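Source file: protein-v4.cif. Holds: mmCIF, C-alpha atoms.
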data_final
#
loop_
_atom_site.label_atom_id
_atom_site.label_comp_id
_atom_site.auth_asym_id
_atom_site.auth_seq_id
_atom_site.Cartn_x
_atom_site.Cartn_y
_atom_site.Cartn_z
CA MET Z 1 0.00 0.00 0.00
CA LYS Z 2 1.35 3.42 -0.96
CA TYR Z 3 0.22 6.56 0.85
CA ALA Z 4 0.38 10.29 0.13
CA VAL Z 5 -0.09 12.68 3.05
CA MET Z 6 -0.31 16.45 2.68
CA ASP Z 7 0.13 18.91 5.54
CA ILE Z 8 -1.25 22.44 5.19
CA GLY Z 9 0.87 24.34 7.69
CA SER Z 10 1.00 28.00 8.62
CA ASN Z 11 4.26 28.53 6.75
CA SER Z 12 4.55 25.65 4.30
CA VAL Z 13 2.67 22.90 2.53
CA ARG Z 14 4.31 19.49 2.67
CA LEU Z 15 3.87 16.16 0.94
CA MET Z 16 5.00 12.77 2.19
CA ILE Z 17 4.99 9.70 -0.05
CA SER Z 18 5.31 6.49 1.95
CA GLY Z 19 5.04 2.82 1.09
CA GLY Z 20 5.69 0.55 -1.85
CA GLY Z 21 9.43 0.87 -1.37
CA VAL Z 22 9.27 4.68 -1.61
CA SER Z 23 9.66 7.23 1.16
CA TYR Z 24 10.31 10.96 0.76
CA LYS Z 25 9.01 14.42 1.58
CA LEU Z 26 8.58 17.62 -0.42
CA SER Z 27 7.90 21.13 0.86
CA GLU Z 28 6.76 24.48 -0.55
CA ILE Z 29 6.66 27.69 1.46
CA THR Z 30 3.33 29.52 1.00
CA ARG Z 31 3.13 31.55 4.26
CA LEU Z 32 -0.57 30.82 4.78
CA ALA Z 33 -0.61 32.57 8.16
CA LEU Z 34 0.98 35.76 6.80
CA GLY Z 35 -1.02 38.83 7.78
CA MET Z 36 -3.56 36.88 9.81
CA GLY Z 37 -3.65 39.54 12.50
CA GLY Z 38 -7.15 40.31 11.29
CA GLY Z 39 -8.13 36.68 11.72
CA SER Z 40 -8.58 35.73 8.07
CA ILE Z 41 -6.45 33.96 5.47
CA ARG Z 42 -5.37 36.35 2.73
CA GLU Z 43 -6.46 35.60 -0.81
CA GLU Z 44 -2.88 35.68 -2.12
CA GLN Z 45 -1.69 33.16 0.48
CA ALA Z 46 -4.73 30.97 -0.16
CA ASP Z 47 -3.99 30.98 -3.90
CA LYS Z 48 -0.35 29.98 -3.31
CA THR Z 49 -1.40 27.19 -0.98
CA VAL Z 50 -4.02 25.78 -3.35
CA SER Z 51 -1.47 25.86 -6.19
CA ALA Z 52 1.05 23.96 -4.08
CA LEU Z 53 -1.58 21.38 -3.12
CA SER Z 54 -2.49 20.96 -6.78
CA ARG Z 55 1.15 20.19 -7.65
CA PHE Z 56 1.44 17.75 -4.76
CA LEU Z 57 -1.81 16.05 -5.74
CA SER Z 58 -0.43 15.54 -9.26
CA ARG Z 59 2.75 14.08 -7.75
CA ALA Z 60 0.71 11.71 -5.57
CA LYS Z 61 -1.18 10.49 -8.62
CA GLU Z 62 2.06 10.04 -10.56
CA GLU Z 63 3.29 7.89 -7.69
CA ARG Z 64 0.05 5.87 -7.92
CA ALA Z 65 -0.75 6.45 -4.25
CA ASP Z 66 -3.51 4.12 -3.05
CA LYS Z 67 -4.64 6.55 -0.35
CA ILE Z 68 -4.32 10.34 -0.30
CA TYR Z 69 -4.81 12.25 2.94
CA CYS Z 70 -4.71 15.97 3.67
CA PHE Z 71 -4.73 17.72 7.04
CA ALA Z 72 -4.38 21.31 8.23
CA THR Z 73 -3.11 22.86 11.44
CA SER Z 74 -3.03 26.23 13.22
CA ALA Z 75 -3.63 28.75 10.40
CA VAL Z 76 -6.72 27.00 9.06
CA ARG Z 77 -7.90 26.04 12.55
CA THR Z 78 -7.92 29.63 13.80
CA ALA Z 79 -8.89 31.53 10.62
CA ASN Z 80 -12.30 33.17 10.41
CA ASN Z 81 -12.54 31.90 6.84
CA GLY Z 82 -10.97 28.50 7.49
CA ALA Z 83 -14.14 26.58 6.54
CA GLU Z 84 -14.44 28.62 3.35
CA PHE Z 85 -10.82 27.82 2.49
CA THR Z 86 -11.20 24.06 3.01
CA ALA Z 87 -14.42 24.13 0.97
CA ARG Z 88 -12.47 25.72 -1.87
CA ILE Z 89 -9.87 22.95 -1.72
CA LYS Z 90 -12.62 20.34 -1.84
CA ARG Z 91 -14.31 22.09 -4.76
CA GLU Z 92 -11.20 22.70 -6.86
CA LEU Z 93 -9.04 19.68 -6.01
CA GLY Z 94 -11.44 17.12 -4.61
CA LEU Z 95 -9.42 16.89 -1.39
CA THR Z 96 -11.13 16.60 1.98
CA VAL Z 97 -9.09 18.53 4.55
CA ASP Z 98 -8.95 17.19 8.09
CA VAL Z 99 -8.50 20.24 10.33
CA LEU Z 100 -6.68 19.01 13.42
CA SER Z 101 -7.52 20.31 16.87
CA GLU Z 102 -4.70 21.53 19.08
CA GLU Z 103 -4.66 18.19 20.90
CA GLU Z 104 -4.72 16.17 17.67
CA GLU Z 105 -1.85 18.21 16.24
CA ALA Z 106 0.26 17.63 19.35
CA GLU Z 107 -0.58 13.92 19.35
CA ALA Z 108 0.36 13.51 15.69
CA GLY Z 109 3.74 15.18 16.22
CA CYS Z 110 4.44 13.09 19.30
CA LEU Z 111 3.44 9.83 17.62
CA GLY Z 112 5.64 10.60 14.62
CA ALA Z 113 8.70 11.66 16.58
CA LEU Z 114 8.63 9.25 19.53
CA SER Z 115 6.77 6.22 18.10
CA GLY Z 116 5.34 5.37 21.50
CA LYS Z 117 8.52 5.97 23.51
CA ASP Z 118 8.74 8.23 26.57
CA GLY Z 119 9.99 11.79 26.18
CA GLY Z 120 8.93 15.27 25.23
CA VAL Z 121 8.24 16.82 21.84
CA ILE Z 122 8.50 20.50 20.91
CA ASP Z 123 6.80 21.38 17.64
CA ILE Z 124 7.36 24.97 16.46
CA GLY Z 125 5.26 25.83 13.44
CA GLY Z 126 4.41 29.02 11.65
CA GLY Z 127 1.23 29.64 13.61
CA SER Z 128 1.51 27.65 16.83
CA THR Z 129 3.84 25.79 19.16
CA GLU Z 130 2.96 22.44 20.74
CA ILE Z 131 4.59 20.68 23.66
CA GLN Z 132 3.75 17.15 24.68
CA VAL Z 133 5.38 14.85 27.23
CA MET Z 134 4.87 11.09 27.39
CA LEU Z 135 5.74 8.98 30.44
CA GLY Z 136 5.08 5.28 30.83
CA GLY Z 137 3.11 5.28 27.60
CA ARG Z 138 0.70 7.91 28.96
CA ARG Z 139 0.38 11.60 28.21
CA LEU Z 140 1.82 13.57 31.12
CA TYR Z 141 1.49 17.00 29.55
CA ALA Z 142 0.07 18.38 26.30
CA LYS Z 143 -0.58 21.97 25.31
CA SER Z 144 -0.65 24.18 22.21
CA VAL Z 145 -0.15 27.94 22.17
CA PRO Z 146 -1.05 30.00 19.07
CA VAL Z 147 2.37 31.55 18.63
CA GLY Z 148 4.66 30.48 15.79
CA ALA Z 149 7.45 31.88 13.65
CA VAL Z 150 5.12 33.58 11.16
CA ARG Z 151 2.88 35.11 13.85
CA VAL Z 152 5.88 36.45 15.80
CA THR Z 153 7.42 37.96 12.67
CA ASP Z 154 4.09 39.56 11.71
CA ALA Z 155 3.77 41.11 15.18
CA CYS Z 156 7.39 42.11 15.83
CA GLY Z 157 9.19 42.32 12.51
CA GLN Z 158 12.94 41.85 12.93
CA ASN Z 159 13.12 43.52 16.37
CA GLU Z 160 14.77 41.02 18.71
CA ALA Z 161 13.86 42.72 21.99
CA LEU Z 162 10.24 43.15 20.95
CA ALA Z 163 10.06 39.54 19.75
CA ASP Z 164 11.57 38.23 22.99
CA ARG Z 165 8.95 40.09 25.08
CA PHE Z 166 6.12 38.98 22.79
CA ILE Z 167 7.22 35.32 22.89
CA LYS Z 168 7.69 35.33 26.68
CA GLU Z 169 4.23 36.78 27.20
CA LYS Z 170 2.50 34.31 24.87
CA LEU Z 171 4.39 31.22 26.05
CA ALA Z 172 3.43 31.92 29.66
CA ARG Z 173 0.27 29.97 28.80
CA PHE Z 174 2.34 26.79 28.89
CA GLY Z 175 2.66 27.14 32.65
CA GLU Z 176 5.00 24.66 34.33
CA ILE Z 177 6.50 22.29 31.74
CA PRO Z 178 7.75 18.87 32.91
CA LYS Z 179 11.42 18.05 32.60
CA ALA Z 180 12.10 15.45 29.92
CA ALA Z 181 14.45 14.43 27.14
CA TYR Z 182 13.05 16.71 24.44
CA THR Z 183 12.83 16.14 20.71
CA ALA Z 184 12.27 19.13 18.43
CA ILE Z 185 10.32 18.79 15.17
CA GLY Z 186 9.24 21.15 12.39
CA GLY Z 187 10.91 23.48 9.93
CA THR Z 188 12.51 25.73 12.54
CA ALA Z 189 14.33 22.87 14.27
CA ILE Z 190 15.43 21.21 11.03
CA ASN Z 191 16.72 24.45 9.54
CA LEU Z 192 18.60 25.36 12.72
CA ALA Z 193 20.23 21.92 12.70
CA ALA Z 194 21.20 22.36 9.05
CA MET Z 195 22.61 25.84 9.73
CA LEU Z 196 24.57 24.73 12.79
CA SER Z 197 25.97 21.89 10.67
CA GLU Z 198 26.71 24.41 7.87
CA LEU Z 199 25.20 22.06 5.30
CA LYS Z 200 25.75 23.16 1.71
CA GLU Z 201 22.85 20.96 0.63
CA TYR Z 202 19.97 19.71 2.74
CA ASP Z 203 20.59 16.17 3.95
CA PRO Z 204 17.95 14.64 6.28
CA LYS Z 205 20.49 12.01 7.38
CA ARG Z 206 22.59 14.83 8.84
CA THR Z 207 19.76 16.74 10.51
CA ASP Z 208 17.86 13.75 11.92
CA GLY Z 209 19.19 13.11 15.41
CA TYR Z 210 21.22 16.33 15.49
CA ILE Z 211 21.58 17.67 19.04
CA ILE Z 212 21.04 21.41 19.42
CA GLU Z 213 22.77 22.63 22.54
CA ARG Z 214 21.24 25.56 24.37
CA GLU Z 215 24.38 27.72 24.32
CA ARG Z 216 24.84 27.33 20.55
CA LEU Z 217 21.14 27.97 19.96
CA PHE Z 218 21.20 31.27 21.84
CA GLY Z 219 24.32 32.24 19.91
CA ILE Z 220 22.81 31.60 16.47
CA LYS Z 221 19.60 33.36 17.50
CA ARG Z 222 21.57 36.51 18.33
CA ARG Z 223 23.51 36.24 15.07
CA LEU Z 224 20.32 35.85 13.03
CA TYR Z 225 18.85 39.03 14.48
CA GLU Z 226 22.07 40.89 13.68
CA LEU Z 227 21.60 40.02 9.99
CA THR Z 228 19.01 41.27 7.55
CA PRO Z 229 16.72 38.68 5.93
CA ALA Z 230 18.70 39.12 2.69
CA GLU Z 231 21.95 38.38 4.53
CA ARG Z 232 20.41 35.34 6.25
CA ALA Z 233 19.40 33.94 2.86
CA LYS Z 234 23.10 33.45 2.10
CA LEU Z 235 23.71 31.27 5.17
CA SER Z 236 24.48 27.61 4.59
CA GLY Z 237 21.68 25.27 5.59
CA LEU Z 238 18.79 27.73 5.54
CA GLN Z 239 15.89 26.84 3.26
CA ARG Z 240 15.16 29.70 0.89
CA GLY Z 241 11.95 31.44 1.88
CA ARG Z 242 12.60 31.07 5.62
CA GLU Z 243 14.98 33.99 5.94
CA GLU Z 244 12.31 36.34 7.31
CA ILE Z 245 10.97 33.99 10.00
CA ILE Z 246 13.93 31.85 11.12
CA ALA Z 247 15.07 34.32 13.79
CA ALA Z 248 11.59 34.30 15.36
CA GLY Z 249 11.57 30.50 15.24
CA ALA Z 250 14.94 30.38 16.99
CA GLY Z 251 13.61 32.81 19.58
CA ILE Z 252 10.65 30.55 20.32
CA LEU Z 253 12.87 27.49 20.72
CA CYS Z 254 15.18 29.45 23.05
CA ALA Z 255 12.19 30.46 25.20
CA VAL Z 256 10.71 26.95 25.30
CA MET Z 257 14.04 25.41 26.29
CA SER Z 258 14.35 27.96 29.08
CA LEU Z 259 10.84 27.17 30.32
CA ALA Z 260 11.53 23.44 30.22
CA GLY Z 261 15.00 23.73 31.76
CA ALA Z 262 16.42 21.84 28.79
CA ASN Z 263 20.14 22.12 28.00
CA SER Z 264 19.68 20.48 24.63
CA VAL Z 265 17.07 19.10 22.22
CA THR Z 266 17.36 16.35 19.62
CA VAL Z 267 16.03 17.12 16.15
CA SER Z 268 13.77 14.59 14.44
CA GLU Z 269 12.88 14.45 10.76
CA LYS Z 270 9.86 12.34 11.68
CA ASP Z 271 6.94 14.50 12.72
CA ASN Z 272 3.18 14.95 12.37
CA LEU Z 273 3.17 13.61 8.80
CA GLU Z 274 4.33 10.20 10.03
CA GLY Z 275 2.17 10.48 13.14
CA TYR Z 276 -0.97 11.34 11.16
CA LEU Z 277 -0.40 8.42 8.79
CA LYS Z 278 0.12 6.01 11.68
CA ARG Z 279 -3.18 7.13 13.17
CA LYS Z 280 -5.03 6.68 9.86
CA ILE Z 281 -3.58 3.20 9.33
CA LYS Z 282 -4.55 2.21 12.88
CA CYS Z 283 -8.12 3.42 12.28
CA GLN Z 284 -8.28 1.38 9.07
CA GLU Z 285 -7.10 -1.74 10.86
CA GLU Z 286 -9.65 -1.28 13.66
CA GLN Z 287 -12.44 -0.91 11.11
CA THR Z 288 -11.54 -4.22 9.46
CA LEU Z 289 -11.64 -6.17 12.73
#

Using structure tokens, write down the structure that the file contains.
Amino acid sequence: MKYAVMDIGSNSVRLMISGGGVSYKLSEITRLALGMGGGSIREEQADKTVSALSRFLSRAKEERADKIYCFATSAVRTANNGAEFTARIKRELGLTVDVLSEEEEAEAGCLGALSGKDGGVIDIGGGSTEIQVMLGGRRLYAKSVPVGAVRVTDACGQNEALADRFIKEKLARFGEIPKAAYTAIGGTAINLAAMLSELKEYDPKRTDGYIIERERLFGIKRRLYELTPAERAKLSGLQRGREEIIAAGAGILCAVMSLAGANSVTVSEKDNLEGYLKRKIKCQEEQTL
């Protein structure tokens, strides 16, 4: 059985092809959450996202995927016109979008990254940040806060001090976070790992399992804010299109690590795409029993 899973995120749209001896991911930055201060998805960002989904749908069909799934997270979940946007996708592409709740998003990320093992997961997206901790196979802590790299950049621009205050205020909603061995997932974590490794070309084998130490993270965060977005775009390891939001993403990870008392985090290439697919397969198996 071959599967195609699409993730409509706040900053990017992603495709995962899995099964039949094939496994890979593709990503396109569409900045869906850009300018959502007013609560609605902008037409331009919606158009870019639908176009990306159309290309990924064609790719899934070329791969002869037996099942095609599509889910959305923070931007669509919180948008005033989220239902209108998903209806458009259904009408134009024939895709039914599963809009994940905050809890479902956190669970998918945790399932993908930990595969049932104990530990904590930090998922920094464009529109929200999720933290979940598993202990003894049970959920010890799980919470999502609607603050991500795109939202912080929209609110604070490239002002480090302003962003730090904004992030600290918003993340206070996490309250007391349990201590755990934390795994970081999402574009921010992967790009920071690639930058710290100074990768000339993206290599998931190099970023998966990379350990980001707190001291080095705070150092690269300061450096990113000292550079303009155009200067950041020239840095090795940074995915083009992330130069405007990567500093905010680094700032969020710095703040979360401080709250959790974590000296390091381990980056995982496996995330909510894998977790969502595992959940769907499990549901299919239960239905056949």

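Selection result for the displayed file, with the PyMOL selection byres ((chain Z and resi 130-144) around 6) as criterion, is Glu102, Ala106, Asp118, Gly119, Gly120, Val121, Ile122, Asp123, Thr129 and Val145 of chain Z.
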
So which residues touch Lys205 in chain Z within 12 Å, counting all atoms listed in the file, skipping near sequence neighbours fewer than 3 positions away, as a PyMOL selection string? chain Z and resi 190+193-194+197+199+201-202+208-210+267-270

Determine the nearest neighbour of Ala189 in chain Z from the options Z:Glu28, Z:Arg59, Z:Pro229, Z:Gln239, counting all atoms listed in the file. Z:Gln239

On this file, the PyMOL selection byres ((chain Z and resi 279) around 12) gives some set of residues; write that set as a ChimeraX atom specification. /Z:5,69,104-105,107-112,115,272-278,280-286

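Interatomic distance, CA of Ser12 in chain Z against CA of Ala113 in chain Z: 19.1 Å.
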
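Non-sequential neighbours of Gly261 in chain Z (distance at most 9 Å, separation of 6 or more positions within a chain, all atoms listed in the file) are Ile177, Pro178, Lys179 and Ala180 of chain Z.
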
Any chance you could resolve the PyMOL selection byres ((chain Z and resi 42-58) around 7) against this file and give the residues as a PyMOL selection string? chain Z and resi 13+15+28+30-32+40-41+59-62+89+93

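The gap separating CA of Thr207 in chain Z from CA of Thr183 in chain Z is 12.3 Å, in Å to one decimal.
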